[in-house]
Each structure stands twice: as structure tokens, then as C-alpha cells.
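Visitor: Input structure: target_22.pdb, which contains PDB, C-alpha atoms and all ligand atoms.
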MODEL        1
ATOM      1  CA  MET A 179       0.000   0.000   0.000  1.00  0.00           C
ATOM      2  CA  ILE A 180       1.256   3.485  -0.852  1.00  0.00           C
ATOM      3  CA  ARG A 181       0.880   5.696   2.167  1.00  0.00           C
ATOM      4  CA  ASP A 182       1.142   9.464   2.224  1.00  0.00           C
ATOM      5  CA  MET A 183       4.610  10.845   2.513  1.00  0.00           C
ATOM      6  CA  ILE A 184       5.955  13.716   4.526  1.00  0.00           C
ATOM      7  CA  ARG A 185       8.234  15.812   2.337  1.00  0.00           C
ATOM      8  CA  GLU A 186      10.133  18.965   3.170  1.00  0.00           C
ATOM      9  CA  THR A 187      12.653  20.573   0.826  1.00  0.00           C
ATOM     10  CA  PHE A 188      14.573  23.635   1.978  1.00  0.00           C
ATOM     11  CA  PRO A 189      17.877  25.348   1.068  1.00  0.00           C
ATOM     12  CA  VAL A 190      20.844  25.024   3.421  1.00  0.00           C
ATOM     13  CA  GLY A 191      24.247  26.695   3.568  1.00  0.00           C
ATOM     14  CA  LEU A 192      26.170  29.267   1.533  1.00  0.00           C
ATOM     15  CA  LEU A 193      25.297  27.746  -1.836  1.00  0.00           C
ATOM     16  CA  GLN A 194      21.664  27.073  -0.872  1.00  0.00           C
ATOM     17  CA  CYS A 195      21.787  23.332  -1.505  1.00  0.00           C
ATOM     18  CA  ASN A 196      18.291  21.813  -1.422  1.00  0.00           C
ATOM     19  CA  CYS A 197      18.092  19.409   1.512  1.00  0.00           C
ATOM     20  CA  THR A 198      15.082  17.081   1.463  1.00  0.00           C
ATOM     21  CA  ILE A 199      13.435  15.143   4.285  1.00  0.00           C
ATOM     22  CA  LEU A 200      11.170  12.253   3.249  1.00  0.00           C
ATOM     23  CA  GLY A 201       9.136  10.520   5.940  1.00  0.00           C
ATOM     24  CA  ASP A 202       6.612   7.722   6.299  1.00  0.00           C
ATOM     25  CA  GLU A 203       3.533   9.166   8.038  1.00  0.00           C
ATOM     26  CA  THR A 204       2.763   5.895   9.806  1.00  0.00           C
ATOM     27  CA  THR A 205       6.113   4.454  10.885  1.00  0.00           C
ATOM     28  CA  ARG A 206       7.732   7.929  11.287  1.00  0.00           C
ATOM     29  CA  GLU A 207      10.900   6.649   9.597  1.00  0.00           C
ATOM     30  CA  ALA A 208      12.749   9.127   7.416  1.00  0.00           C
ATOM     31  CA  ILE A 209      15.417   9.605   4.791  1.00  0.00           C
ATOM     32  CA  VAL A 210      17.460  12.812   4.722  1.00  0.00           C
ATOM     33  CA  VAL A 211      18.997  13.727   1.384  1.00  0.00           C
ATOM     34  CA  ASP A 212      21.919  16.173   1.060  1.00  0.00           C
ATOM     35  CA  PRO A 213      22.258  17.649   4.581  1.00  0.00           C
ATOM     36  CA  GLY A 214      24.902  20.100   3.382  1.00  0.00           C
ATOM     37  CA  ASP A 215      24.624  22.472   6.332  1.00  0.00           C
ATOM     38  CA  ASP A 216      22.296  23.721   9.114  1.00  0.00           C
ATOM     39  CA  ILE A 217      22.053  20.429  10.991  1.00  0.00           C
ATOM     40  CA  PRO A 218      20.202  22.123  13.924  1.00  0.00           C
ATOM     41  CA  GLY A 219      17.532  23.294  11.466  1.00  0.00           C
ATOM     42  CA  ILE A 220      17.246  19.812   9.947  1.00  0.00           C
ATOM     43  CA  LEU A 221      16.935  18.241  13.424  1.00  0.00           C
ATOM     44  CA  LEU A 222      14.226  20.741  14.310  1.00  0.00           C
ATOM     45  CA  ARG A 223      12.191  19.816  11.218  1.00  0.00           C
ATOM     46  CA  LEU A 224      12.625  16.105  11.990  1.00  0.00           C
ATOM     47  CA  ALA A 225      11.486  16.650  15.576  1.00  0.00           C
ATOM     48  CA  ARG A 226       8.471  18.677  14.437  1.00  0.00           C
ATOM     49  CA  HIS A 227       7.291  15.637  12.437  1.00  0.00           C
ATOM     50  CA  SER A 228       8.458  13.114  15.104  1.00  0.00           C
ATOM     51  CA  LEU A 229      10.639  11.455  12.479  1.00  0.00           C
ATOM     52  CA  ALA A 230      13.578   9.114  13.131  1.00  0.00           C
ATOM     53  CA  VAL A 231      16.304   9.119  10.479  1.00  0.00           C
ATOM     54  CA  LYS A 232      16.871   5.718   8.906  1.00  0.00           C
ATOM     55  CA  HIS A 233      19.269   6.721   6.111  1.00  0.00           C
ATOM     56  CA  ILE A 234      21.357   9.748   5.236  1.00  0.00           C
ATOM     57  CA  LEU A 235      21.809   9.880   1.452  1.00  0.00           C
ATOM     58  CA  ILE A 236      24.147  12.139  -0.530  1.00  0.00           C
ATOM     59  CA  THR A 237      23.567  12.742  -4.255  1.00  0.00           C
ATOM     60  CA  HIS A 238      27.264  13.578  -4.793  1.00  0.00           C
ATOM     61  CA  ALA A 239      30.264  14.517  -2.678  1.00  0.00           C
ATOM     62  CA  HIS A 240      30.457  18.240  -3.341  1.00  0.00           C
ATOM     63  CA  ILE A 241      30.977  20.124  -0.113  1.00  0.00           C
ATOM     64  CA  ASP A 242      27.667  22.005  -0.253  1.00  0.00           C
ATOM     65  CA  HIS A 243      25.757  18.666  -0.322  1.00  0.00           C
ATOM     66  CA  ILE A 244      27.828  16.555   2.080  1.00  0.00           C
ATOM     67  CA  ALA A 245      29.362  18.940   4.638  1.00  0.00           C
ATOM     68  CA  GLY A 246      26.803  18.340   7.418  1.00  0.00           C
ATOM     69  CA  ALA A 247      26.393  14.598   6.848  1.00  0.00           C
ATOM     70  CA  GLN A 248      28.874  13.372   9.448  1.00  0.00           C
ATOM     71  CA  GLU A 249      27.332  15.575  12.135  1.00  0.00           C
ATOM     72  CA  LEU A 250      23.818  14.380  11.281  1.00  0.00           C
ATOM     73  CA  LYS A 251      25.102  10.799  11.448  1.00  0.00           C
ATOM     74  CA  ARG A 252      26.694  11.456  14.849  1.00  0.00           C
ATOM     75  CA  VAL A 253      23.469  12.832  16.296  1.00  0.00           C
ATOM     76  CA  THR A 254      21.004  10.366  14.736  1.00  0.00           C
ATOM     77  CA  GLY A 255      23.117   7.211  14.469  1.00  0.00           C
ATOM     78  CA  ALA A 256      21.794   6.685  10.917  1.00  0.00           C
ATOM     79  CA  PRO A 257      24.121   5.256   8.257  1.00  0.00           C
ATOM     80  CA  LEU A 258      25.562   7.603   5.637  1.00  0.00           C
ATOM     81  CA  LEU A 259      25.387   6.430   2.038  1.00  0.00           C
ATOM     82  CA  TYR A 260      26.822   7.826  -1.185  1.00  0.00           C
ATOM     83  CA  ASN A 261      28.381   6.473  -4.363  1.00  0.00           C
ATOM     84  CA  GLN A 262      31.982   5.408  -3.855  1.00  0.00           C
ATOM     85  CA  ARG A 263      33.028   6.794  -7.238  1.00  0.00           C
ATOM     86  CA  ASP A 264      32.961  10.192  -5.469  1.00  0.00           C
ATOM     87  CA  LEU A 265      35.629   9.157  -2.943  1.00  0.00           C
ATOM     88  CA  PRO A 266      38.300  11.167  -4.849  1.00  0.00           C
ATOM     89  CA  LEU A 267      36.188  14.272  -4.133  1.00  0.00           C
ATOM     90  CA  VAL A 268      36.064  13.391  -0.440  1.00  0.00           C
ATOM     91  CA  ALA A 269      39.868  13.043  -0.477  1.00  0.00           C
ATOM     92  CA  MET A 270      40.086  16.653  -1.715  1.00  0.00           C
ATOM     93  CA  MET A 271      37.666  18.162   0.833  1.00  0.00           C
ATOM     94  CA  ASP A 272      40.424  20.666   1.819  1.00  0.00           C
ATOM     95  CA  THR A 273      40.456  22.003  -1.731  1.00  0.00           C
ATOM     96  CA  GLN A 274      36.665  22.100  -1.875  1.00  0.00           C
ATOM     97  CA  ALA A 275      36.614  24.088   1.386  1.00  0.00           C
ATOM     98  CA  GLU A 276      39.137  26.540  -0.105  1.00  0.00           C
ATOM     99  CA  TRP A 277      36.820  27.158  -3.081  1.00  0.00           C
ATOM    100  CA  LEU A 278      34.215  28.421  -0.633  1.00  0.00           C
ATOM    101  CA  GLY A 279      36.615  29.929   1.900  1.00  0.00           C
ATOM    102  CA  ILE A 280      35.218  27.839   4.759  1.00  0.00           C
ATOM    103  CA  ALA A 281      36.692  25.379   7.269  1.00  0.00           C
ATOM    104  CA  THR A 282      37.157  21.801   6.035  1.00  0.00           C
ATOM    105  CA  PRO A 283      34.216  19.682   7.223  1.00  0.00           C
ATOM    106  CA  ASN A 284      34.715  16.237   8.732  1.00  0.00           C
ATOM    107  CA  VAL A 285      33.668  13.859   5.930  1.00  0.00           C
ATOM    108  CA  LYS A 286      34.267  10.114   5.981  1.00  0.00           C
ATOM    109  CA  PRO A 287      33.835   7.250   3.476  1.00  0.00           C
ATOM    110  CA  PRO A 288      30.256   5.968   3.181  1.00  0.00           C
ATOM    111  CA  ASP A 289      28.871   3.207   5.416  1.00  0.00           C
ATOM    112  CA  ALA A 290      27.606   1.591   2.215  1.00  0.00           C
ATOM    113  CA  ASP A 291      27.877   2.315  -1.483  1.00  0.00           C
ATOM    114  CA  LEU A 292      24.884   4.025  -3.088  1.00  0.00           C
ATOM    115  CA  ALA A 293      25.239   1.922  -6.234  1.00  0.00           C
ATOM    116  CA  ASP A 294      23.161   1.975  -9.418  1.00  0.00           C
ATOM    117  CA  HIS A 295      19.846   0.061  -9.036  1.00  0.00           C
ATOM    118  CA  ALA A 296      20.095  -0.058  -5.221  1.00  0.00           C
ATOM    119  CA  THR A 297      16.793   0.444  -3.371  1.00  0.00           C
ATOM    120  CA  ILE A 298      16.638   2.408  -0.130  1.00  0.00           C
ATOM    121  CA  ARG A 299      13.636   1.926   2.146  1.00  0.00           C
ATOM    122  CA  ALA A 300      12.202   3.806   5.117  1.00  0.00           C
ATOM    123  CA  GLY A 301       8.849   2.420   6.224  1.00  0.00           C
ATOM    124  CA  SER A 302       6.719   2.247   3.079  1.00  0.00           C
ATOM    125  CA  LEU A 303       8.978   4.676   1.200  1.00  0.00           C
ATOM    126  CA  ARG A 304      11.098   3.252  -1.572  1.00  0.00           C
ATOM    127  CA  ALA A 305      13.801   5.195  -3.404  1.00  0.00           C
ATOM    128  CA  ASP A 306      15.616   3.643  -6.355  1.00  0.00           C
ATOM    129  CA  VAL A 307      19.159   4.775  -7.105  1.00  0.00           C
ATOM    130  CA  LEU A 308      19.896   5.891 -10.665  1.00  0.00           C
ATOM    131  CA  ALA A 309      23.614   6.336 -11.409  1.00  0.00           C
ATOM    132  CA  THR A 310      23.903   9.582 -13.392  1.00  0.00           C
ATOM    133  CA  PRO A 311      27.623  10.376 -13.750  1.00  0.00           C
ATOM    134  CA  GLY A 312      28.663  13.625 -15.410  1.00  0.00           C
ATOM    135  CA  HIS A 313      28.458  16.451 -12.852  1.00  0.00           C
ATOM    136  CA  THR A 314      30.712  14.161 -10.784  1.00  0.00           C
ATOM    137  CA  GLN A 315      31.705  10.535 -11.382  1.00  0.00           C
ATOM    138  CA  GLY A 316      29.600   9.339  -8.457  1.00  0.00           C
ATOM    139  CA  SER A 317      26.493  11.490  -8.986  1.00  0.00           C
ATOM    140  CA  ILE A 318      23.217   9.669  -8.425  1.00  0.00           C
ATOM    141  CA  CYS A 319      19.528  10.557  -8.573  1.00  0.00           C
ATOM    142  CA  LEU A 320      16.832   9.074  -6.343  1.00  0.00           C
ATOM    143  CA  HIS A 321      13.565   7.991  -7.947  1.00  0.00           C
ATOM    144  CA  LEU A 322      10.491   7.425  -5.802  1.00  0.00           C
ATOM    145  CA  THR A 323       8.367   5.651  -8.393  1.00  0.00           C
ATOM    146  CA  ASP A 324       5.326   5.352  -6.108  1.00  0.00           C
ATOM    147  CA  HIS A 325       5.254   9.105  -5.563  1.00  0.00           C
ATOM    148  CA  GLY A 326       6.337  10.262  -9.041  1.00  0.00           C
ATOM    149  CA  LEU A 327       9.272  12.082  -7.509  1.00  0.00           C
ATOM    150  CA  LEU A 328      12.905  12.490  -8.569  1.00  0.00           C
ATOM    151  CA  LEU A 329      15.642  13.987  -6.410  1.00  0.00           C
ATOM    152  CA  ALA A 330      18.095  15.042  -9.115  1.00  0.00           C
ATOM    153  CA  GLY A 331      21.095  16.362  -7.179  1.00  0.00           C
ATOM    154  CA  ASP A 332      23.176  18.632  -9.434  1.00  0.00           C
ATOM    155  CA  THR A 333      22.506  16.521 -12.557  1.00  0.00           C
ATOM    156  CA  LEU A 334      19.361  18.302 -13.805  1.00  0.00           C
ATOM    157  CA  PHE A 335      17.960  21.741 -12.904  1.00  0.00           C
ATOM    158  CA  ALA A 336      14.955  23.758 -14.041  1.00  0.00           C
ATOM    159  CA  GLY A 337      16.081  25.046 -17.441  1.00  0.00           C
ATOM    160  CA  THR A 338      19.692  23.938 -17.196  1.00  0.00           C
ATOM    161  CA  VAL A 339      22.023  21.058 -16.346  1.00  0.00           C
ATOM    162  CA  GLY A 340      24.839  20.531 -13.841  1.00  0.00           C
ATOM    163  CA  ARG A 341      28.223  22.173 -14.423  1.00  0.00           C
ATOM    164  CA  THR A 342      30.974  19.862 -15.615  1.00  0.00           C
ATOM    165  CA  ASP A 343      34.055  22.069 -15.210  1.00  0.00           C
ATOM    166  CA  LEU A 344      34.940  20.834 -11.710  1.00  0.00           C
ATOM    167  CA  PRO A 345      37.188  17.784 -11.063  1.00  0.00           C
ATOM    168  CA  GLY A 346      35.443  14.570 -12.144  1.00  0.00           C
ATOM    169  CA  GLY A 347      32.966  16.431 -14.354  1.00  0.00           C
ATOM    170  CA  ASP A 348      32.317  15.385 -17.962  1.00  0.00           C
ATOM    171  CA  GLY A 349      29.830  17.117 -20.280  1.00  0.00           C
ATOM    172  CA  PRO A 350      28.991  14.348 -22.786  1.00  0.00           C
ATOM    173  CA  THR A 351      28.632  11.840 -19.927  1.00  0.00           C
ATOM    174  CA  LEU A 352      26.224  14.180 -18.126  1.00  0.00           C
ATOM    175  CA  ILE A 353      24.000  14.664 -21.178  1.00  0.00           C
ATOM    176  CA  ARG A 354      24.002  10.902 -21.834  1.00  0.00           C
ATOM    177  CA  SER A 355      23.021  10.230 -18.189  1.00  0.00           C
ATOM    178  CA  ILE A 356      20.095  12.643 -18.425  1.00  0.00           C
ATOM    179  CA  HIS A 357      18.841  11.243 -21.730  1.00  0.00           C
ATOM    180  CA  THR A 358      19.151   7.573 -20.798  1.00  0.00           C
ATOM    181  CA  ARG A 359      18.173   7.624 -17.111  1.00  0.00           C
ATOM    182  CA  LEU A 360      16.023  10.715 -16.484  1.00  0.00           C
ATOM    183  CA  LEU A 361      14.154  11.638 -19.668  1.00  0.00           C
ATOM    184  CA  THR A 362      12.957   8.017 -19.790  1.00  0.00           C
ATOM    185  CA  LEU A 363      10.856   8.691 -16.648  1.00  0.00           C
ATOM    186  CA  PRO A 364       7.170   9.718 -16.916  1.00  0.00           C
ATOM    187  CA  ASP A 365       6.512  13.361 -17.940  1.00  0.00           C
ATOM    188  CA  ALA A 366       4.598  14.076 -14.732  1.00  0.00           C
ATOM    189  CA  THR A 367       7.583  13.154 -12.525  1.00  0.00           C
ATOM    190  CA  LEU A 368       8.260  16.036 -10.125  1.00  0.00           C
ATOM    191  CA  VAL A 369      11.965  16.933 -10.154  1.00  0.00           C
ATOM    192  CA  ILE A 370      13.624  18.412  -7.083  1.00  0.00           C
ATOM    193  CA  PRO A 371      17.047  19.652  -8.186  1.00  0.00           C
ATOM    194  CA  GLY A 372      20.053  20.154  -5.922  1.00  0.00           C
ATOM    195  CA  HIS A 373      19.543  23.914  -6.125  1.00  0.00           C
ATOM    196  CA  GLY A 374      16.702  26.203  -7.130  1.00  0.00           C
ATOM    197  CA  LYS A 375      13.104  25.556  -8.022  1.00  0.00           C
ATOM    198  CA  VAL A 376      11.279  22.334  -8.769  1.00  0.00           C
ATOM    199  CA  THR A 377      10.358  21.271 -12.300  1.00  0.00           C
ATOM    200  CA  THR A 378       9.047  18.175 -14.091  1.00  0.00           C
ATOM    201  CA  ILE A 379      10.584  15.698 -16.505  1.00  0.00           C
ATOM    202  CA  GLY A 380       8.056  16.744 -19.189  1.00  0.00           C
ATOM    203  CA  GLU A 381       8.918  20.424 -18.798  1.00  0.00           C
ATOM    204  CA  GLU A 382      12.658  19.774 -19.116  1.00  0.00           C
ATOM    205  CA  ARG A 383      12.245  17.376 -22.022  1.00  0.00           C
ATOM    206  CA  GLU A 384      10.304  20.029 -23.905  1.00  0.00           C
ATOM    207  CA  ARG A 385      12.084  23.235 -22.936  1.00  0.00           C
ATOM    208  CA  ASN A 386      15.538  22.659 -21.438  1.00  0.00           C
ATOM    209  CA  PRO A 387      17.921  24.165 -24.047  1.00  0.00           C
ATOM    210  CA  PHE A 388      20.681  21.728 -23.090  1.00  0.00           C
ATOM    211  CA  LEU A 389      18.543  18.687 -23.874  1.00  0.00           C
ATOM    212  CA  GLN A 390      17.267  19.457 -27.358  1.00  0.00           C
ATOM    213  CA  LEU A 391      18.523  16.863 -29.816  1.00  0.00           C
ATOM    214  CA  ALA A 392      19.776  18.259 -33.120  1.00  0.00           C
TER     215      ALA A 392
HETATM  216 ZN    ZN B 401      27.598  19.749  -7.079  1.00  0.00          ZN
ENDMDL
END
Would you encode the structure as C-alpha cells?
Ligand SMILES: [Zn+2]

Guide:
Amino acid sequence: MIRDMIRETFPVGLLQCNCTILGDETTREAIVVDPGDDIPGILLRLARHSLAVKHILITHAHIDHIAGAQELKRVTGAPLLYNQRDLPLVAMMDTQAEWLGIATPNVKPPDADLADHATIRAGSLRADVLATPGHTQGSICLHLTDHGLLLAGDTLFAGTVGRTDLPGGDGPTLIRSIHTRLLTLPDATLVIPGHGKVTTIGEERERNPFLQLA
């Protein structure tokens, strides 16, 4: 049975990364995606809904998405998962912190790999992992088929696509990932990007200038 889902998406940190909390209304189990910063604020929202964190998921290991993850893990005891192909980015967290002019966050290897086709569950919620390399080697999207929802990380945005000029980025790979893994989803799928406003797969297929085939 598909139960209603609690969903909160809100920007955190300097670069306004979209953090998302997904919760099962009955079991009160939750998934937190991309807790880049403002862990007290995230904990407050969880408490307001009486949610217990079951998994902490990271769409890719850029500092604005992963910086708060270790602290959230420490407080909640929930495992931290991301794709291990982003471990080179974790190894250069000092450099990433320099880009932003902030202190280097404590970031560790994942408790488990967020590999392509993996399924993450919290109560009745089910999120399927889609490997979408391009913005980074280990970038993934999370597809909640039952709810017609896609958490796209920095792979796809409203009207644009993720940048590929940072270490590990690759333009043709990114476009291929979007065409083969994301534009194959139903038009009505609601897309929550890693930054900025929500969109839909149909809207981006029709209007995104970076996705028009010649
Ligand atoms: Zn990024």
C-alpha cells in the first residue's frame, strides 16, 4: 500500500543546496537527502514531524551537499550512504573548502555504497538509485516511483544542467546520463534539483535548451 509521505525541501548553507526530508507518516521513519549544512535546522524539522532518520543519502560529494552529513550521522546514528566513485572528491575536501573559503568539514567514506539500481527503504517509502555520472563521477539521482518524484542532485535543474568544469565532471557523460536515465521517466515526474526551483521531466524534455537533440 502506498501511504502518504511527509516531504520537506529547503535550502541550506552558503550555496543554498536543497536538503530534502522524506518521511513515512505511519512508521515515522525518514530519509534525509543532502544535509549540506544547518544540521540544527534539519533536526528541528525532523522533531516537528516526530521522524527518526533511517538513512542519510548524498547525491554527490560536493561540499555544499555533504558537509553536514557526518554531524547528522553522529546525532542520529543513521548510516551515511553515497556512491563510492565520489571518494576522490572526499579526499580533496580541503580544496573544496578553499573554493568556498570555509573550514574543512569532517567527511568520511560511506557506510555503504549508493550503487546503481540499489533500493533504499524507510517504512513504506522506496527510493531507487539511478547512477547519473557527469556532474561528478559518483552522482546519483533518487527515484520514488510510487510518488512520481525524482531527487536530481546537481545533474538536472529547471532550465539547465549541472556544471561539468569541476574535477570529475564530464559534459557528454552528463547529457548521456540525463537522456538515458532521467528523460525516460514519466513526464509528470516532479523533479527536485540540488539547487533552485522544482520542475518536471516533461517540462525539461520540452524546454531545457541543453537537452534538445539536433
Ligand atoms: Zn555539485

Visitor: Apply the PyMOL selection byres (((chain A and resi 325) around 9) and not hetatm) to the file shown and report the selected residues as a PyMOL selection string.

Guide: chain A and resi 180+182-183+303+321-324+326-328+367-368

Visitor: For the residues selected in the previous step, produce a file with C-alpha atoms as an mmCIF file, in the coordinates of the input.

Guide:
data_model
loop_
_atom_site.group_PDB
_atom_site.id
_atom_site.type_symbol
_atom_site.label_atom_id
_atom_site.label_comp_id
_atom_site.auth_asym_id
_atom_site.auth_seq_id
_atom_site.Cartn_x
_atom_site.Cartn_y
_atom_site.Cartn_z
ATOM 1 C CA ILE A 180 1.256 3.485 -0.852
ATOM 2 C CA ASP A 182 1.142 9.464 2.224
ATOM 3 C CA MET A 183 4.610 10.845 2.513
ATOM 4 C CA LEU A 303 8.978 4.676 1.200
ATOM 5 C CA HIS A 321 13.565 7.991 -7.947
ATOM 6 C CA LEU A 322 10.491 7.425 -5.802
ATOM 7 C CA THR A 323 8.367 5.651 -8.393
ATOM 8 C CA ASP A 324 5.326 5.352 -6.108
ATOM 9 C CA GLY A 326 6.337 10.262 -9.041
ATOM 10 C CA LEU A 327 9.272 12.082 -7.509
ATOM 11 C CA LEU A 328 12.905 12.490 -8.569
ATOM 12 C CA THR A 367 7.583 13.154 -12.525
ATOM 13 C CA LEU A 368 8.260 16.036 -10.125
#

Visitor: With all atoms listed in the file as the counted atoms, please give the residues lying no more than 7 Å from Pro371 in chain A, apart from itself and same-chain residues fewer than 6 positions off, as a list in words.

Guide: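 Contacts, with the query itself left out: Leu329, Ala330, Gly331, Asp332, Leu334 and Phe335 of chain A.
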
Visitor: Store the residues picked out above, limited to C-alpha atoms, as an mmCIF file, in the frame of the given file.

Guide:
data_model
loop_
_atom_site.group_PDB
_atom_site.id
_atom_site.type_symbol
_atom_site.label_atom_id
_atom_site.label_comp_id
_atom_site.auth_asym_id
_atom_site.auth_seq_id
_atom_site.Cartn_x
_atom_site.Cartn_y
_atom_site.Cartn_z
ATOM 1 C CA LEU A 329 15.642 13.987 -6.410
ATOM 2 C CA ALA A 330 18.095 15.042 -9.115
ATOM 3 C CA GLY A 331 21.095 16.362 -7.179
ATOM 4 C CA ASP A 332 23.176 18.632 -9.434
ATOM 5 C CA LEU A 334 19.361 18.302 -13.805
ATOM 6 C CA PHE A 335 17.960 21.741 -12.904
#

Visitor: Set out as a tab-separated table a contact list for chain A and ligand ZN 401 (chain B) with a cut-off of 8 Å, giving each residue of chain A that qualifies its closest atom pair and distance in Å to one decimal, counting only C-alpha atoms and all ligand atoms, ordered by chain and rising residue number.

Guide:
residue	atom	partner	partner_atom	distance
A:His238	CA	B:ZN401	ZN	6.6
A:Ala239	CA	B:ZN401	ZN	7.3
A:His240	CA	B:ZN401	ZN	4.9
A:Ile241	CA	B:ZN401	ZN	7.8
A:Asp242	CA	B:ZN401	ZN	7.2
A:His243	CA	B:ZN401	ZN	7.1
A:His313	CA	B:ZN401	ZN	6.7
A:Thr314	CA	B:ZN401	ZN	7.4
A:Gly331	CA	B:ZN401	ZN	7.3
A:Asp332	CA	B:ZN401	ZN	5.1
A:Gly340	CA	B:ZN401	ZN	7.3
A:Arg341	CA	B:ZN401	ZN	7.8
A:Gly372	CA	B:ZN401	ZN	7.6

Visitor: Grab the residues selected above and save them as an mmCIF file, in the frame of the given file with C-alpha atoms.

Guide:
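File produced: result.cif:
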data_model
loop_
_atom_site.group_PDB
_atom_site.id
_atom_site.type_symbol
_atom_site.label_atom_id
_atom_site.label_comp_id
_atom_site.auth_asym_id
_atom_site.auth_seq_id
_atom_site.Cartn_x
_atom_site.Cartn_y
_atom_site.Cartn_z
ATOM 1 C CA HIS A 238 27.264 13.578 -4.793
ATOM 2 C CA ALA A 239 30.264 14.517 -2.678
ATOM 3 C CA HIS A 240 30.457 18.240 -3.341
ATOM 4 C CA ILE A 241 30.977 20.124 -0.113
ATOM 5 C CA ASP A 242 27.667 22.005 -0.253
ATOM 6 C CA HIS A 243 25.757 18.666 -0.322
ATOM 7 C CA HIS A 313 28.458 16.451 -12.852
ATOM 8 C CA THR A 314 30.712 14.161 -10.784
ATOM 9 C CA GLY A 331 21.095 16.362 -7.179
ATOM 10 C CA ASP A 332 23.176 18.632 -9.434
ATOM 11 C CA GLY A 340 24.839 20.531 -13.841
ATOM 12 C CA ARG A 341 28.223 22.173 -14.423
ATOM 13 C CA GLY A 372 20.053 20.154 -5.922
#

Visitor: Once you count all atoms listed in the file, which residues end up no further than 12 Å from (38.5, 11.4, -4.6) in the file's frame, shown as a ChimeraX atom specification?

Guide: /A:238-240,261-274,285-287,314-316,345-346

Visitor: Could you jot down the CA of Thr351 in chain A to CA of Leu308 in chain A separation for me, Å, one decimal place?

Guide: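 Rounded to one decimal, the two atoms are 14.1 Å apart.
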
Visitor: So what does the PyMOL selection byres (((chain A and resi 305) around 6) and not hetatm) actually pick up in this one, as a VMD selection string?

Guide: chain A and resid 297 to 298 304 306 320 to 322

Visitor: I'd like the residues picked by the PyMOL selection byres (((chain A and resi 249) around 10) and not hetatm) written out as a PDB file with C-alpha atoms, in the coordinates of the input, using the chain letters and numbers from the file.

Guide:
ATOM      1  CA  PRO A 213      22.258  17.649   4.581  1.00  0.00           C
ATOM      2  CA  ASP A 215      24.624  22.472   6.332  1.00  0.00           C
ATOM      3  CA  ILE A 217      22.053  20.429  10.991  1.00  0.00           C
ATOM      4  CA  PRO A 218      20.202  22.123  13.924  1.00  0.00           C
ATOM      5  CA  ALA A 245      29.362  18.940   4.638  1.00  0.00           C
ATOM      6  CA  GLY A 246      26.803  18.340   7.418  1.00  0.00           C
ATOM      7  CA  ALA A 247      26.393  14.598   6.848  1.00  0.00           C
ATOM      8  CA  GLN A 248      28.874  13.372   9.448  1.00  0.00           C
ATOM      9  CA  LEU A 250      23.818  14.380  11.281  1.00  0.00           C
ATOM     10  CA  LYS A 251      25.102  10.799  11.448  1.00  0.00           C
ATOM     11  CA  ARG A 252      26.694  11.456  14.849  1.00  0.00           C
ATOM     12  CA  VAL A 253      23.469  12.832  16.296  1.00  0.00           C
ATOM     13  CA  THR A 254      21.004  10.366  14.736  1.00  0.00           C
ATOM     14  CA  GLY A 255      23.117   7.211  14.469  1.00  0.00           C
ATOM     15  CA  PRO A 283      34.216  19.682   7.223  1.00  0.00           C
ATOM     16  CA  ASN A 284      34.715  16.237   8.732  1.00  0.00           C
ATOM     17  CA  VAL A 285      33.668  13.859   5.930  1.00  0.00           C
TER      18      VAL A 285
END

Visitor: For each of A:Leu360, A:Thr205, A:Ile184, A:Pro257, take the minimum atom-to-atom distance to Arg226 in chain A, counting all atoms listed in the file, then give the residue where this is smallest.

Guide: A:Ile184

Visitor: Is it possible to add N, CA and C atoms to range 309-322 of chain A and hand it back as a PDB file, in the coordinates of the input?

Guide:
ATOM      1  N   ALA A 309      22.272   5.763 -11.228  1.00  0.00           N
ATOM      2  CA  ALA A 309      23.614   6.336 -11.409  1.00  0.00           C
ATOM      3  C   ALA A 309      23.557   7.300 -12.593  1.00  0.00           C
ATOM      4  N   THR A 310      23.936   8.558 -12.344  1.00  0.00           N
ATOM      5  CA  THR A 310      23.903   9.582 -13.392  1.00  0.00           C
ATOM      6  C   THR A 310      25.219  10.350 -13.395  1.00  0.00           C
ATOM      7  N   PRO A 311      26.334   9.686 -13.754  1.00  0.00           N
ATOM      8  CA  PRO A 311      27.623  10.376 -13.750  1.00  0.00           C
ATOM      9  C   PRO A 311      27.648  11.523 -14.753  1.00  0.00           C
ATOM     10  N   GLY A 312      28.518  12.483 -14.506  1.00  0.00           N
ATOM     11  CA  GLY A 312      28.663  13.625 -15.410  1.00  0.00           C
ATOM     12  C   GLY A 312      29.011  14.888 -14.637  1.00  0.00           C
ATOM     13  N   HIS A 313      28.129  15.308 -13.718  1.00  0.00           N
ATOM     14  CA  HIS A 313      28.458  16.451 -12.852  1.00  0.00           C
ATOM     15  C   HIS A 313      29.642  16.041 -11.972  1.00  0.00           C
ATOM     16  N   THR A 314      29.561  14.834 -11.405  1.00  0.00           N
ATOM     17  CA  THR A 314      30.712  14.161 -10.784  1.00  0.00           C
ATOM     18  C   THR A 314      30.621  12.692 -11.205  1.00  0.00           C
ATOM     19  N   GLN A 315      31.701  11.958 -10.997  1.00  0.00           N
ATOM     20  CA  GLN A 315      31.705  10.535 -11.382  1.00  0.00           C
ATOM     21  C   GLN A 315      30.671   9.730 -10.592  1.00  0.00           C
ATOM     22  N   GLY A 316      30.484  10.117  -9.324  1.00  0.00           N
ATOM     23  CA  GLY A 316      29.600   9.339  -8.457  1.00  0.00           C
ATOM     24  C   GLY A 316      28.213   9.938  -8.279  1.00  0.00           C
ATOM     25  N   SER A 317      27.816  10.868  -9.130  1.00  0.00           N
ATOM     26  CA  SER A 317      26.493  11.490  -8.986  1.00  0.00           C
ATOM     27  C   SER A 317      25.381  10.468  -9.176  1.00  0.00           C
ATOM     28  N   ILE A 318      24.390  10.541  -8.304  1.00  0.00           N
ATOM     29  CA  ILE A 318      23.217   9.669  -8.425  1.00  0.00           C
ATOM     30  C   ILE A 318      21.947  10.512  -8.296  1.00  0.00           C
ATOM     31  N   CYS A 319      20.843   9.977  -8.828  1.00  0.00           N
ATOM     32  CA  CYS A 319      19.528  10.557  -8.573  1.00  0.00           C
ATOM     33  C   CYS A 319      18.721   9.523  -7.814  1.00  0.00           C
ATOM     34  N   LEU A 320      17.704   9.978  -7.096  1.00  0.00           N
ATOM     35  CA  LEU A 320      16.832   9.074  -6.343  1.00  0.00           C
ATOM     36  C   LEU A 320      15.435   9.162  -6.917  1.00  0.00           C
ATOM     37  N   HIS A 321      14.896   8.024  -7.331  1.00  0.00           N
ATOM     38  CA  HIS A 321      13.565   7.991  -7.947  1.00  0.00           C
ATOM     39  C   HIS A 321      12.577   7.289  -7.023  1.00  0.00           C
ATOM     40  N   LEU A 322      11.563   8.025  -6.601  1.00  0.00           N
ATOM     41  CA  LEU A 322      10.491   7.425  -5.802  1.00  0.00           C
ATOM     42  C   LEU A 322       9.319   7.165  -6.742  1.00  0.00           C
TER      43      LEU A 322
END
